[in-house]
file upload-v4.txt (compact mmCIF, C-alpha atoms)
# COMPACT_ATOMS: atom_id res chain seq x y z
CA MET A 1 20.59 55.19 19.50
CA LYS A 2 17.72 55.26 17.02
CA ASN A 3 16.17 58.18 15.18
CA ILE A 4 12.41 58.34 15.75
CA LEU A 5 9.92 60.40 13.77
CA ILE A 6 6.72 61.31 15.62
CA THR A 7 3.98 62.69 13.40
CA GLY A 8 1.63 64.92 15.36
CA GLY A 9 4.45 65.05 17.88
CA ALA A 10 3.56 68.52 19.18
CA GLY A 11 0.17 67.22 20.30
CA PHE A 12 -0.93 65.90 23.67
CA ILE A 13 0.34 62.34 23.37
CA GLY A 14 3.20 63.12 20.99
CA SER A 15 4.85 65.82 23.10
CA SER A 16 4.80 63.66 26.24
CA LEU A 17 6.14 60.70 24.27
CA ALA A 18 8.91 62.83 22.74
CA ILE A 19 10.15 64.04 26.14
CA LYS A 20 10.25 60.49 27.54
CA LEU A 21 12.09 59.15 24.46
CA ILE A 22 14.65 61.97 24.63
CA GLU A 23 15.31 61.06 28.27
CA LYS A 24 15.98 57.50 27.08
CA GLY A 25 18.56 58.72 24.56
CA TYR A 26 16.61 58.70 21.31
CA LYS A 27 16.92 61.44 18.70
CA ILE A 28 13.48 62.79 17.88
CA THR A 29 12.10 64.47 14.78
CA ILE A 30 8.56 65.85 14.86
CA LEU A 31 6.29 66.59 11.91
CA ASP A 32 3.31 68.67 13.01
CA ASN A 33 1.15 71.41 11.49
CA LEU A 34 0.42 73.10 14.86
CA SER A 35 -3.34 73.07 14.26
CA THR A 36 -5.03 76.13 15.74
CA GLN A 37 -7.90 73.94 17.01
CA ILE A 38 -5.39 72.30 19.36
CA HIS A 39 -2.66 74.89 19.82
CA GLY A 40 -4.50 78.23 19.56
CA GLU A 41 -4.17 81.16 17.17
CA ASP A 42 -0.46 81.85 17.74
CA PRO A 43 0.91 78.36 18.48
CA GLU A 44 4.60 79.05 18.00
CA THR A 45 4.39 81.67 20.76
CA THR A 46 1.66 80.53 23.11
CA SER A 47 1.20 76.77 22.75
CA PRO A 48 2.51 75.04 25.91
CA LEU A 49 2.67 71.73 24.07
CA TYR A 50 4.86 73.12 21.31
CA ASN A 51 7.03 75.11 23.70
CA LYS A 52 7.63 71.95 25.74
CA ILE A 53 9.41 70.26 22.82
CA LYS A 54 10.54 72.94 20.38
CA ASP A 55 14.19 73.23 21.49
CA LYS A 56 14.59 69.52 22.22
CA VAL A 57 13.68 68.00 18.84
CA ASN A 58 14.21 68.46 15.14
CA PHE A 59 10.89 70.19 14.43
CA ILE A 60 9.35 70.28 10.95
CA LYS A 61 6.26 72.42 10.61
CA GLY A 62 4.34 70.61 7.94
CA THR A 63 1.45 68.32 7.20
CA VAL A 64 1.06 64.62 6.56
CA THR A 65 -0.97 65.47 3.46
CA SER A 66 2.18 66.88 1.82
CA ARG A 67 4.46 64.44 0.01
CA GLU A 68 7.33 66.93 0.25
CA ASP A 69 6.95 67.26 4.03
CA TRP A 70 6.99 63.49 4.39
CA GLU A 71 10.13 63.21 2.24
CA GLN A 72 11.92 65.70 4.46
CA ALA A 73 10.74 64.08 7.70
CA LEU A 74 11.61 60.50 6.72
CA LYS A 75 15.29 61.15 6.03
CA GLY A 76 17.51 59.12 8.34
CA GLN A 77 14.68 57.78 10.51
CA HIS A 78 14.53 54.27 11.97
CA VAL A 79 11.11 54.27 13.63
CA ILE A 80 7.88 56.16 12.90
CA VAL A 81 5.24 56.77 15.55
CA HIS A 82 2.26 57.92 13.49
CA LEU A 83 0.01 60.00 15.76
CA ALA A 84 -1.01 62.80 13.36
CA ALA A 85 -4.77 62.72 12.86
CA GLU A 86 -7.99 64.67 13.08
CA THR A 87 -9.60 63.30 16.23
CA GLY A 88 -13.13 64.55 17.03
CA THR A 89 -15.81 61.85 16.73
CA GLY A 90 -18.68 64.32 16.37
CA GLN A 91 -16.82 66.71 14.10
CA SER A 92 -15.84 63.83 11.81
CA MET A 93 -19.48 63.31 10.88
CA TYR A 94 -19.59 66.55 8.89
CA CYS A 95 -15.91 67.37 8.21
CA ILE A 96 -15.72 64.16 6.21
CA GLU A 97 -13.30 65.21 3.49
CA LYS A 98 -10.88 66.73 6.01
CA TYR A 99 -10.82 63.64 8.24
CA THR A 100 -10.41 61.34 5.26
CA GLU A 101 -7.64 63.44 3.70
CA VAL A 102 -5.57 63.77 6.88
CA ASN A 103 -6.10 60.34 8.42
CA ILE A 104 -6.31 58.07 5.38
CA GLN A 105 -4.55 59.95 2.59
CA GLY A 106 -1.79 61.13 4.93
CA THR A 107 -1.08 57.52 5.88
CA ALA A 108 -1.26 56.44 2.26
CA ILE A 109 1.38 58.99 1.22
CA MET A 110 3.74 57.74 3.93
CA LEU A 111 3.33 54.10 2.89
CA ASP A 112 3.63 54.94 -0.80
CA LEU A 113 6.96 56.67 -0.19
CA LEU A 114 8.26 53.81 1.92
CA ALA A 115 7.16 51.21 -0.62
CA ASN A 116 8.82 52.97 -3.53
CA ASN A 117 11.95 54.59 -2.10
CA GLU A 118 15.00 53.45 -0.17
CA ASN A 119 14.68 54.10 3.56
CA ASN A 120 15.95 52.96 6.96
CA ILE A 121 12.58 52.45 8.62
CA GLU A 122 12.49 49.34 10.81
CA LYS A 123 9.16 49.81 12.59
CA ILE A 124 5.96 51.87 12.41
CA VAL A 125 3.76 52.33 15.46
CA ILE A 126 0.27 53.50 14.51
CA ALA A 127 -2.09 55.21 16.95
CA SER A 128 -5.34 53.38 16.37
CA SER A 129 -8.42 53.88 18.53
CA ARG A 130 -11.11 52.13 20.54
CA SER A 131 -13.52 53.90 18.15
CA ILE A 132 -12.92 51.20 15.54
CA TYR A 133 -14.93 48.76 17.68
CA GLY A 134 -18.06 50.91 17.60
CA GLU A 135 -20.29 49.52 20.31
CA GLY A 136 -18.31 47.09 22.40
CA ARG A 137 -18.59 43.43 23.30
CA TYR A 138 -21.66 42.05 25.06
CA ARG A 139 -23.16 38.81 26.31
CA HIS A 140 -26.65 37.82 25.18
CA PRO A 141 -28.46 35.60 27.73
CA GLU A 142 -29.15 32.95 25.08
CA LEU A 143 -26.74 33.58 22.21
CA GLY A 144 -23.54 34.23 24.17
CA ILE A 145 -21.03 36.81 22.86
CA VAL A 146 -22.60 39.33 20.46
CA TYR A 147 -21.61 42.61 18.85
CA PRO A 148 -24.73 44.76 18.59
CA SER A 149 -25.26 47.30 15.85
CA HIS A 150 -25.40 51.04 16.41
CA ARG A 151 -28.26 52.32 18.51
CA LYS A 152 -31.41 53.50 16.76
CA GLU A 153 -32.17 57.20 16.65
CA ASN A 154 -35.86 56.64 17.45
CA ASP A 155 -35.01 54.70 20.61
CA MET A 156 -32.75 57.50 21.81
CA LEU A 157 -35.33 60.16 20.99
CA ASN A 158 -37.61 58.25 23.36
CA GLY A 159 -34.98 58.29 26.11
CA ASP A 160 -33.88 54.67 25.65
CA PHE A 161 -30.09 54.82 25.36
CA GLU A 162 -28.98 51.31 26.25
CA VAL A 163 -27.59 48.94 23.68
CA LYS A 164 -29.94 46.14 22.63
CA TYR A 165 -29.58 43.20 20.36
CA LYS A 166 -31.69 42.96 17.20
CA ASP A 167 -34.22 40.77 19.05
CA GLY A 168 -34.69 43.55 21.62
CA GLN A 169 -32.95 41.60 24.36
CA ASN A 170 -30.98 43.52 27.00
CA LEU A 171 -27.28 42.67 27.07
CA GLU A 172 -24.45 42.35 29.60
CA LEU A 173 -21.49 44.63 28.91
CA LEU A 174 -18.10 42.91 28.63
CA ALA A 175 -14.55 44.15 28.12
CA THR A 176 -13.61 44.49 24.44
CA ASP A 177 -10.66 42.37 23.34
CA GLU A 178 -8.58 42.72 20.18
CA ASP A 179 -10.49 39.93 18.43
CA SER A 180 -13.79 41.76 18.85
CA LYS A 181 -15.79 42.80 15.83
CA ILE A 182 -14.64 45.99 14.13
CA HIS A 183 -17.66 48.09 13.14
CA PRO A 184 -17.04 51.80 13.76
CA SER A 185 -20.00 54.14 14.19
CA SER A 186 -18.32 57.39 13.09
CA VAL A 187 -16.24 58.67 10.20
CA TYR A 188 -13.37 59.12 12.67
CA GLY A 189 -13.60 55.46 13.62
CA ILE A 190 -13.67 54.44 9.96
CA THR A 191 -10.52 56.45 9.24
CA LYS A 192 -8.69 54.93 12.22
CA GLN A 193 -9.70 51.44 11.07
CA ASN A 194 -8.38 52.27 7.61
CA GLN A 195 -5.09 53.63 9.00
CA GLU A 196 -4.53 50.55 11.11
CA GLN A 197 -5.34 48.11 8.32
CA MET A 198 -3.09 49.87 5.82
CA ILE A 199 -0.15 49.84 8.24
CA MET A 200 -0.66 46.22 9.30
CA THR A 201 -1.11 45.07 5.67
CA VAL A 202 1.57 47.02 3.80
CA CYS A 203 4.45 47.11 6.29
CA PRO A 204 5.21 43.36 6.33
CA THR A 205 5.44 43.38 2.52
CA ILE A 206 8.21 46.00 2.58
CA GLY A 207 10.22 44.67 5.51
CA ILE A 208 8.89 47.04 8.18
CA ALA A 209 7.48 45.80 11.50
CA PRO A 210 4.01 47.23 12.23
CA VAL A 211 2.50 47.78 15.69
CA ALA A 212 -0.98 49.17 16.36
CA PHE A 213 -2.25 50.56 19.66
CA ARG A 214 -5.98 50.98 20.09
CA TYR A 215 -5.99 53.75 22.67
CA GLN A 216 -9.02 54.26 24.88
CA ASN A 217 -9.89 57.80 26.13
CA VAL A 218 -6.51 59.39 26.86
CA TYR A 219 -6.37 62.20 29.43
CA GLY A 220 -3.98 64.01 31.72
CA PRO A 221 -1.86 67.14 32.14
CA GLY A 222 -1.12 68.77 28.81
CA GLN A 223 -4.29 68.02 26.90
CA SER A 224 -5.95 70.90 25.08
CA LEU A 225 -8.37 72.88 27.23
CA SER A 226 -9.62 74.96 24.31
CA ASN A 227 -10.71 72.25 21.84
CA PRO A 228 -14.51 71.82 22.14
CA TYR A 229 -14.63 68.83 19.80
CA THR A 230 -12.79 66.16 21.77
CA GLY A 231 -11.72 65.35 25.34
CA ILE A 232 -14.64 65.21 27.75
CA LEU A 233 -12.49 65.97 30.82
CA SER A 234 -11.09 69.10 29.21
CA ILE A 235 -14.51 70.23 28.01
CA PHE A 236 -16.08 69.78 31.45
CA SER A 237 -13.11 71.45 33.15
CA THR A 238 -13.37 74.53 30.95
CA GLN A 239 -17.11 74.74 31.61
CA ILE A 240 -16.66 74.44 35.37
CA ARG A 241 -13.90 77.04 35.56
CA ASN A 242 -16.06 79.46 33.56
CA GLY A 243 -18.85 78.92 36.09
CA ASN A 244 -21.06 77.36 33.44
CA GLY A 245 -23.35 74.47 34.12
CA ILE A 246 -22.53 71.04 32.72
CA LYS A 247 -25.07 69.53 30.38
CA ILE A 248 -24.57 65.79 30.15
CA PHE A 249 -25.68 63.91 27.06
CA GLU A 250 -28.08 60.97 27.15
CA ASP A 251 -28.81 59.83 30.73
CA GLY A 252 -25.29 60.25 32.10
CA LYS A 253 -24.78 56.50 32.40
CA GLU A 254 -22.71 56.13 29.23
CA THR A 255 -19.19 54.95 30.08
CA ARG A 256 -15.63 55.28 28.84
CA ASP A 257 -12.28 53.76 29.76
CA PHE A 258 -10.09 56.72 30.77
CA VAL A 259 -6.38 55.99 30.43
CA TYR A 260 -3.75 58.33 31.85
CA ILE A 261 -1.18 59.93 29.56
CA ASP A 262 1.84 58.41 31.36
CA ASP A 263 0.44 54.91 30.85
CA VAL A 264 -0.17 55.60 27.17
CA VAL A 265 3.41 56.82 26.75
CA ASN A 266 4.78 53.77 28.56
CA ALA A 267 2.72 51.38 26.43
CA THR A 268 3.86 53.11 23.25
CA ILE A 269 7.52 52.85 24.24
CA LEU A 270 7.04 49.12 24.88
CA GLY A 271 5.76 48.90 21.32
CA ILE A 272 8.82 50.71 19.99
CA GLU A 273 11.36 48.71 21.96
CA LYS A 274 9.96 45.18 22.19
CA GLU A 275 10.16 42.77 19.28
CA GLU A 276 7.23 40.89 20.82
CA ALA A 277 5.06 43.82 19.68
CA ASN A 278 5.92 43.38 16.00
CA GLY A 279 2.94 42.55 13.82
CA GLU A 280 0.48 42.88 16.70
CA VAL A 281 -2.42 45.13 17.71
CA PHE A 282 -3.01 46.01 21.36
CA ASN A 283 -5.67 47.70 23.45
CA VAL A 284 -4.37 50.44 25.74
CA GLY A 285 -6.62 51.40 28.64
CA THR A 286 -7.27 50.64 32.29
CA GLY A 287 -9.96 48.01 31.80
CA VAL A 288 -12.31 50.03 34.04
CA PRO A 289 -15.46 51.78 32.72
CA VAL A 290 -16.42 55.12 34.30
CA ASP A 291 -19.76 56.79 33.61
CA VAL A 292 -19.99 60.41 32.48
CA SER A 293 -22.00 61.58 35.50
CA THR A 294 -19.20 60.35 37.75
CA VAL A 295 -16.69 62.26 35.62
CA ALA A 296 -18.65 65.51 35.96
CA ASN A 297 -19.20 65.22 39.71
CA THR A 298 -15.59 64.21 40.38
CA LEU A 299 -14.28 67.24 38.48
CA ILE A 300 -16.67 69.60 40.28
CA SER A 301 -15.41 68.24 43.59
CA SER A 302 -11.77 68.51 42.48
CA TYR A 303 -12.11 72.18 41.51
CA ASN A 304 -14.36 72.98 44.49
CA ILE A 305 -16.52 75.06 42.16
CA GLU A 306 -20.25 74.40 42.38
CA VAL A 307 -22.03 74.45 39.02
CA PRO A 308 -25.34 72.83 38.10
CA VAL A 309 -25.28 69.47 36.35
CA THR A 310 -28.16 68.74 33.98
CA ILE A 311 -28.91 65.37 32.41
CA THR A 312 -30.26 66.60 29.08
CA GLY A 313 -31.34 63.52 27.17
CA ASN A 314 -29.69 65.06 24.12
CA PHE A 315 -27.34 62.89 22.08
CA ARG A 316 -24.91 62.97 19.18
CA LEU A 317 -25.24 60.59 16.26
CA GLY A 318 -22.03 58.58 15.97
CA ASP A 319 -21.42 58.33 19.71
CA ILE A 320 -21.22 54.90 21.30
CA ARG A 321 -22.77 53.86 24.61
CA HIS A 322 -20.02 51.79 26.24
CA ASN A 323 -16.57 50.44 25.52
CA PHE A 324 -13.80 49.41 27.87
CA ALA A 325 -10.62 47.49 27.18
CA ASP A 326 -9.66 43.90 27.80
CA LEU A 327 -5.92 44.22 28.56
CA SER A 328 -5.03 40.52 28.65
CA LYS A 329 -2.99 40.63 25.45
CA ILE A 330 -0.85 43.70 26.18
CA LYS A 331 -0.22 42.46 29.73
CA SER A 332 0.93 39.02 28.60
CA LYS A 333 2.92 40.01 25.48
CA LEU A 334 4.45 43.33 26.54
CA GLY A 335 4.21 43.27 30.33
CA PHE A 336 2.11 46.44 30.37
CA GLU A 337 0.15 47.35 33.49
CA PRO A 338 -1.74 50.61 33.96
CA THR A 339 -0.30 52.46 36.94
CA VAL A 340 -2.67 55.44 37.26
CA TYR A 341 -6.37 54.81 37.74
CA PHE A 342 -9.23 57.29 37.54
CA GLU A 343 -9.23 58.73 41.06
CA GLU A 344 -5.49 59.49 41.10
CA GLY A 345 -5.45 60.56 37.46
CA ILE A 346 -8.28 63.05 37.92
CA LYS A 347 -6.48 64.55 40.90
CA ASN A 348 -3.28 64.99 38.87
CA PHE A 349 -5.21 66.38 35.92
CA SER A 350 -7.29 68.87 37.92
CA ASN A 351 -4.23 70.12 39.82
CA TRP A 352 -2.60 70.85 36.47
CA VAL A 353 -5.73 72.51 35.08
CA LEU A 354 -5.85 74.93 38.02
CA GLN A 355 -2.40 76.19 37.03
CA GLN A 356 -3.54 77.03 33.50
CA GLU A 357 -5.32 80.10 32.17
CA ILE A 358 -9.08 79.73 31.97
CA GLN A 359 -10.02 79.08 28.34
CA GLU A 360 -13.13 80.30 26.55
CA ASP A 361 -16.00 77.80 26.73
CA LYS A 362 -16.74 77.01 23.07
CA LEU A 363 -18.86 73.91 23.54
CA SER A 364 -22.15 75.60 22.67
CA ASP A 365 -20.69 76.74 19.33
CA SER A 366 -19.57 73.22 18.45
CA LEU A 367 -22.97 71.79 19.40
CA ALA A 368 -24.71 74.44 17.31
CA GLU A 369 -22.63 73.29 14.35
CA MET A 370 -23.67 69.68 14.95
CA LYS A 371 -27.32 70.61 15.44
CA ALA A 372 -27.34 72.54 12.16
CA LYS A 373 -26.04 69.38 10.45
CA GLY A 374 -28.75 67.22 12.07
CA LEU A 375 -26.23 65.30 14.17
CA TYR A 376 -27.11 66.65 17.63
CA LYS A 377 -30.59 65.76 18.83
call {"tool": "encode", "arguments": {"input": "upload-v4.txt", "output": "structure tokens"}}
result
Amino acid sequence: MKNILITGGAGFIGSSLAIKLIEKGYKITILDNLSTQIHGEDPETTSPLYNKIKDKVNFIKGTVTSREDWEQALKGQHVIVHLAAETGTGQSMYCIEKYTEVNIQGTAIMLDLLANNENNIEKIVIASSRSIYGEGRYRHPELGIVYPSHRKENDMLNGDFEVKYKDGQNLELLATDEDSKIHPSSVYGITKQNQEQMIMTVCPTIGIAPVAFRYQNVYGPGQSLSNPYTGILSIFSTQIRNGNGIKIFEDGKETRDFVYIDDVVNATILGIEKEEANGEVFNVGTGVPVDVSTVANTLISSYNIEVPVTITGNFRLGDIRHNFADLSKIKSKLGFEPTVYFEEGIKNFSNWVLQQEIQEDKLSDSLAEMKAKGLYK
């Protein structure tokens, strides 16, 4: 039996991971600040995520920005799964100090303590993100594989949302592998890149095995339905159940790789348990891109609630156009295979949503914030 610390363990991924690890016989400690943005105003009473794990784990209400909280949480642990982070791409572009403090400084405190104090840590699994790639991997008809820069605001203002190379040539979208160029287009992506690099660089020097998982867009039962800053399926679901129309950014053809929560948990456990994962970074996704218009229409059909769908042409600075995962490495090294694809996953997710209370639709407030900062056009 090993003792495992999960930071952010009361969150969407962390709580599901904790339950699965407990079933496998591990002893779990969770360090989490029960953020109201995720858990609501009275999280210790009303948060379903917290209530799912509170009596099953050693729970420490604290923050990764506190050295004292880290010292308490690290005692007697063998493995750390570091999930705690601020996660909204759009929000990160104006809450810059907050994202940097939590994501980068919080990780730095952990590593500083481990580098300078006796401990029993054998492995750290870091939740990285597909956001570190920025725009994904493409094929140029003459130059071969290229990694285009971020899209230009003027092009998007004129309704041209596709990714182009610097010579203006249209490109063929390819799956993004782990050797692809890292060039994040948001502060969130920069902080995840920094987290990953610190873990992968420092851990080997202090005798700790590092593993990084670059998660694609994680979804499924349990994700927050009240957070308007992240989670497109949750945001759309809350809008639909409130009878509000869905306003889709850009032209609705932007795509994401949606990976189901159970697959993310299974991949993470492979990283904890398999020595073949040590020192490696892995994509976690399905390898299948799904466009946002399809997401909206599938959810409307699942809930059987008719609401208007508008393609707005609006866009957020910092958003990418496309990115989907090449899974060759995680399949060959860890034996991972996604088991739940979009159609089945959406059905499971929407069935769960219909059992939950309808949350207030706060998207317009979050977009007003971004517009005031000049980030929503």
call {"tool": "closest_residue", "arguments": {"input": "upload-v4.txt", "among": "A:Glu280, A:Glu142, A:Glu71, A:Glu162", "to": "A:Asn117", "atoms": "all atoms listed in the file"}}
result
A:Glu71
call {"tool": "closest_residue", "arguments": {"input": "upload-v4.txt", "among": "A:Thr298, A:Ser47, A:Thr310, A:Asn33", "to": "A:Gly245", "atoms": "only C-alpha atoms"}}
result
A:Thr310
call {"tool": "atom_distance", "arguments": {"input": "upload-v4.txt", "atom1": "atom CA of A:Val284", "atom2": "atom CA of A:Ala267"}}
result
7.2 Å
call {"tool": "closest_residue", "arguments": {"input": "upload-v4.txt", "among": "A:Glu153, A:Asp262, A:Asp319, A:Glu68", "to": "A:Tyr133", "atoms": "only C-alpha atoms"}}
result
A:Asp319
call {"tool": "closest_residue", "arguments": {"input": "upload-v4.txt", "among": "A:Asn103, A:Ser366, A:Ser301, A:Thr312", "to": "A:Leu157", "atoms": "all atoms listed in the file"}}
result
A:Thr312
call {"tool": "closest_residue", "arguments": {"input": "upload-v4.txt", "among": "A:Thr268, A:Ser92, A:Thr7, A:Thr230", "to": "A:Thr63", "atoms": "all atoms listed in the file"}}
result
A:Thr7
call {"tool": "closest_residue", "arguments": {"input": "upload-v4.txt", "among": "A:Pro184, A:Gly318, A:Gly134, A:Pro228", "to": "A:Asp365", "atoms": "all atoms listed in the file"}}
result
A:Pro228
call {"tool": "residues_around", "arguments": {"input": "upload-v4.txt", "residues": "stretch 163-179 of chain A", "least_positions_apart": "5", "cutoff": "12 Å", "atoms": "only C-alpha atoms", "output": "JSON, numbers by chain"}}
result
{"A": [128, 129, 130, 131, 132, 133, 134, 135, 136, 137, 138, 139, 140, 141, 142, 143, 144, 145, 146, 147, 148, 149, 150, 151, 152, 153, 155, 156, 212, 213, 214, 215, 216, 253, 254, 255, 256, 257, 280, 281, 282, 283, 284, 285, 286, 287, 288, 289, 319, 320, 321, 322, 323, 324, 325, 326, 327, 328, 329, 330]}
call {"tool": "residues_around", "arguments": {"input": "upload-v4.txt", "residues": "A:Ser302", "least_positions_apart": "4", "cutoff": "9 Å", "atoms": "all atoms listed in the file", "output": "list in words"}}
result
Asn297, Thr298, Ile346, Lys347, Ser350 and Asn351 of chain A
call {"tool": "residues_around", "arguments": {"input": "upload-v4.txt", "residues": "A:Asn3", "least_positions_apart": "2", "cutoff": "9 Å", "atoms": "all atoms listed in the file", "output": "list in words"}}
result
Met1, Leu5, Tyr26, Lys27, Ile28, Thr29, Gly76, Gln77, His78, Val79 and Ile80 of chain A
call {"tool": "residues_around", "arguments": {"input": "upload-v4.txt", "residues": "stretch 121-125 of chain A", "least_positions_apart": "2", "cutoff": "10 Å", "atoms": "only C-alpha atoms", "output": "VMD selection string"}}
result
chain A and resid 3 to 6 74 to 83 114 118 to 119 127 to 128 196 199 to 200 203 to 204 206 to 213 268 to 269 271 to 273 275 277 to 279 281
call {"tool": "residues_around", "arguments": {"input": "upload-v4.txt", "residues": "A:Gln197", "least_positions_apart": "4", "cutoff": "10 Å", "atoms": "only C-alpha atoms", "output": "PyMOL selection string"}}
result
chain A and resi 126+128+191-193+201-202+212
call {"tool": "write_last_selection", "arguments": {"input": "upload-v4.txt", "atoms": "C-alpha atoms", "output": "PDB file, keeping the file's coordinate frame"}}
result
ATOM      1  CA  ILE A 126       0.270  53.500  14.510  1.00  0.00           C
ATOM      2  CA  SER A 128      -5.340  53.380  16.370  1.00  0.00           C
ATOM      3  CA  THR A 191     -10.520  56.450   9.240  1.00  0.00           C
ATOM      4  CA  LYS A 192      -8.690  54.930  12.220  1.00  0.00           C
ATOM      5  CA  GLN A 193      -9.700  51.440  11.070  1.00  0.00           C
ATOM      6  CA  THR A 201      -1.110  45.070   5.670  1.00  0.00           C
ATOM      7  CA  VAL A 202       1.570  47.020   3.800  1.00  0.00           C
ATOM      8  CA  ALA A 212      -0.980  49.170  16.360  1.00  0.00           C
TER       9      ALA A 212
END
call {"tool": "atom_distance", "arguments": {"input": "upload-v4.txt", "atom1": "atom CA of A:Thr107", "atom2": "atom CA of A:Gln91"}}
result
20.0 Å
